[in-house]
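This report refers to the structure that appears directly beneath it.
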Amino acid sequence: MRKDRHDEEKTEWLPHHVATDTSGKVANFIIRNQTDLAYYTFDGRGPYFLELWYNTLMKDGDYLVANRTQFLYSFLSDSKGKKLLAGPYFEVTRAVDAQITQQKAGVALYWESASSVLRISSPHLGIMGGYHLEDPNRQGQFYLMLGAGFEFNL
């Protein structure tokens, strides 16, 4: 169980990672798909290790496959670069050797401002909330994630 592995959260790991990201747009509708393939090796005692980015348990020498698909609607997109997108998404993550599958469904909201302050430009915010459809450690639980960022020009 994940809760029994709190001592492995700082385990050092060496990932080998490949990602693809595709998107398409028709009128105000946008579909995005991202697939990640990764191979992990860990130092420390096993047999399972907590992988923090995907928040799943893995075995040493394990492969991870993750896929996210979003169906978004553009509520705002102007010539200055302001954007407001929202819509449903589905995500599935699989730790192959550990035989752990996670499935999530939810709603995503993305906002990007066109304004700049000093050397900081393109502030953006993302909010994702959803439900764990399948997960041996969180099945049936709701979740909320928040991310923010900006670009800094020298």
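How things are named: the first chain in the structure tokens is A, the next is B, and so on; residues count from 1 in each chain; ligands count from 1 in the order shown.
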
Write out as CSV the residues of segment 30-68 of chain A that have any atom within 10 Å of an atom of segment 80-91 of chain A, one row each with the nearest atom pair and its distance in Å to one decimal, counting only C-alpha atoms, sorted by chain and then rising number.
```
residue,atom,partner,partner_atom,distance
A:Ile30,CA,A:Leu85,CA,8.7
A:Ile31,CA,A:Tyr89,CA,9.6
A:Arg32,CA,A:Tyr89,CA,9.2
A:Asn33,CA,A:Tyr89,CA,9.6
A:Gln34,CA,A:Glu91,CA,9.5
A:Thr35,CA,A:Glu91,CA,9.8
A:Ala66,CA,A:Glu91,CA,7.4
A:Asn67,CA,A:Glu91,CA,5.6
A:Arg68,CA,A:Glu91,CA,4.3
```

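With only C-alpha atoms taken into account, the protein and nucleic acid residues at most 6 Å from segment 93-101 of chain A (excluding it and anything under 3 positions from it in its own chain) are A:Met58, A:Lys59, A:Asp62, A:Tyr63, A:Leu64, A:Val65, A:Ala66.
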
Original post:
What gap, in Å, lies between atom CA of Met145 of chain A and atom CA of Gly129 of chain A?
Top reply: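 Atom CA of Gly129 of chain A lies at a distance of 6.2 Å from atom CA of Met145 of chain A.
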
Original post:
When distances are computed from only C-alpha atoms, which of A:Met128, A:Leu133, A:Leu37, A:Leu76 shows the smallest separation from Gln103 of chain A?
Top reply: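 Selected residue with least distance to Gln103 of chain A: A:Leu133.
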
**OP:** Using DSSP on the backbone, list every residue of segment 1-97 of chain A that comes out as helix (DSSP H, G or I), and give them as JSON, numbers by chain.
**Re:** {"A": [2, 3, 4, 5, 6, 7, 8]}

Original post:
In terms of the shortest atom-to-atom distance over only C-alpha atoms, which of A:Asp21, A:Glu151, A:Asp60, A:Asp135 is closest to Gln102 of chain A?
Top reply: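 Counting only C-alpha atoms, the residue closest to Gln102 of chain A is A:Asp135.
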
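Pairwise distance (atom CA of His17 of chain A, atom CA of Pro47 of chain A) equals 21.7 Å.
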
Subject >> Selection: 7 Å around Gly149 of chain A, only C-alpha atoms, excl. self and same-chain fewer than 3 positions, as an NGL selection string >> reply: :A and (123-125)

**OP:** Run DSSP on the backbone of this structure and report the residues of chain A it assigns to strand (DSSP E), as a ChimeraX atom specification.
**Re:** /A:13-26,29-42,48-51,56-59,62-77,83-95,100-112,116-117,120-134,142-152

Subject >> Between atom CA of Val92 of chain A and atom CA of Gly130 of chain A, distance in Å (one decimal) >> reply: 12.8 Å

Original post:
Which one of A:Gly61, A:Gln141, A:Asn55, A:Leu72 sits closest to Asp43 of chain A if you count only C-alpha atoms?
Top reply: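 Closest residue, counting only C-alpha atoms: A:Gly61.
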
Original post:
Which neighbours of Ile127 of chain A fall inside 6 Å, counting only C-alpha atoms, when residues of the same chain fewer than 5 positions from it are skipped, and could you give them as a VMD selection string?
Top reply: chain A and resid 108 to 109 145 to 146

Output all heavy atoms for every residue in the selection just made, as a short mmCIF file (atom, residue, chain, number, x, y, z; two decimals), in the first residue's frame.
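Once written, out_5.cif looks like this:
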```
data_model
loop_
_atom_site.label_atom_id
_atom_site.label_comp_id
_atom_site.auth_asym_id
_atom_site.auth_seq_id
_atom_site.Cartn_x
_atom_site.Cartn_y
_atom_site.Cartn_z
N ALA A 108 -11.14 20.33 -16.51
CA ALA A 108 -9.95 21.19 -16.53
C ALA A 108 -10.34 22.61 -16.91
O ALA A 108 -11.25 22.81 -17.73
CB ALA A 108 -8.92 20.65 -17.52
N LEU A 109 -9.66 23.58 -16.32
CA LEU A 109 -9.86 24.99 -16.62
C LEU A 109 -8.49 25.63 -16.77
O LEU A 109 -7.64 25.49 -15.88
CB LEU A 109 -10.65 25.68 -15.50
CG LEU A 109 -10.84 27.19 -15.61
CD1 LEU A 109 -11.78 27.52 -16.76
CD2 LEU A 109 -11.37 27.74 -14.30
N MET A 145 -6.34 19.89 -8.27
CA MET A 145 -4.96 20.32 -8.51
C MET A 145 -4.97 21.75 -9.03
O MET A 145 -5.86 22.14 -9.78
CB MET A 145 -4.29 19.43 -9.55
CG MET A 145 -4.17 17.99 -9.14
SD MET A 145 -3.30 16.98 -10.36
CE MET A 145 -4.47 16.96 -11.71
N LEU A 146 -3.97 22.51 -8.63
CA LEU A 146 -3.83 23.88 -9.07
C LEU A 146 -2.40 24.12 -9.51
O LEU A 146 -1.46 23.70 -8.84
CB LEU A 146 -4.18 24.83 -7.91
CG LEU A 146 -3.95 26.31 -8.12
CD1 LEU A 146 -4.89 26.85 -9.19
CD2 LEU A 146 -4.16 27.06 -6.81
#
```

Original post:
Which of these residues is nearest to Leu144 of chain A, using only C-alpha atoms: A:Ile120, A:Ala105, A:Ala38, A:Ala114?
Top reply: A:Ala105

Subject >> Among listed residues A:Glu51, A:Ser113, A:Thr69, A:Tyr39, nearest Thr22 of chain A (using only C-alpha atoms) >> reply: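 Comparing A:Glu51, A:Ser113, A:Thr69, A:Tyr39 against Thr22 of chain A, the winner is A:Thr69.
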
Original post:
Pick the closest to Ser122 of chain A from A:Tyr54, A:Phe29, A:Phe150, A:Phe75: which is it, counting only C-alpha atoms?
Top reply: A:Phe150
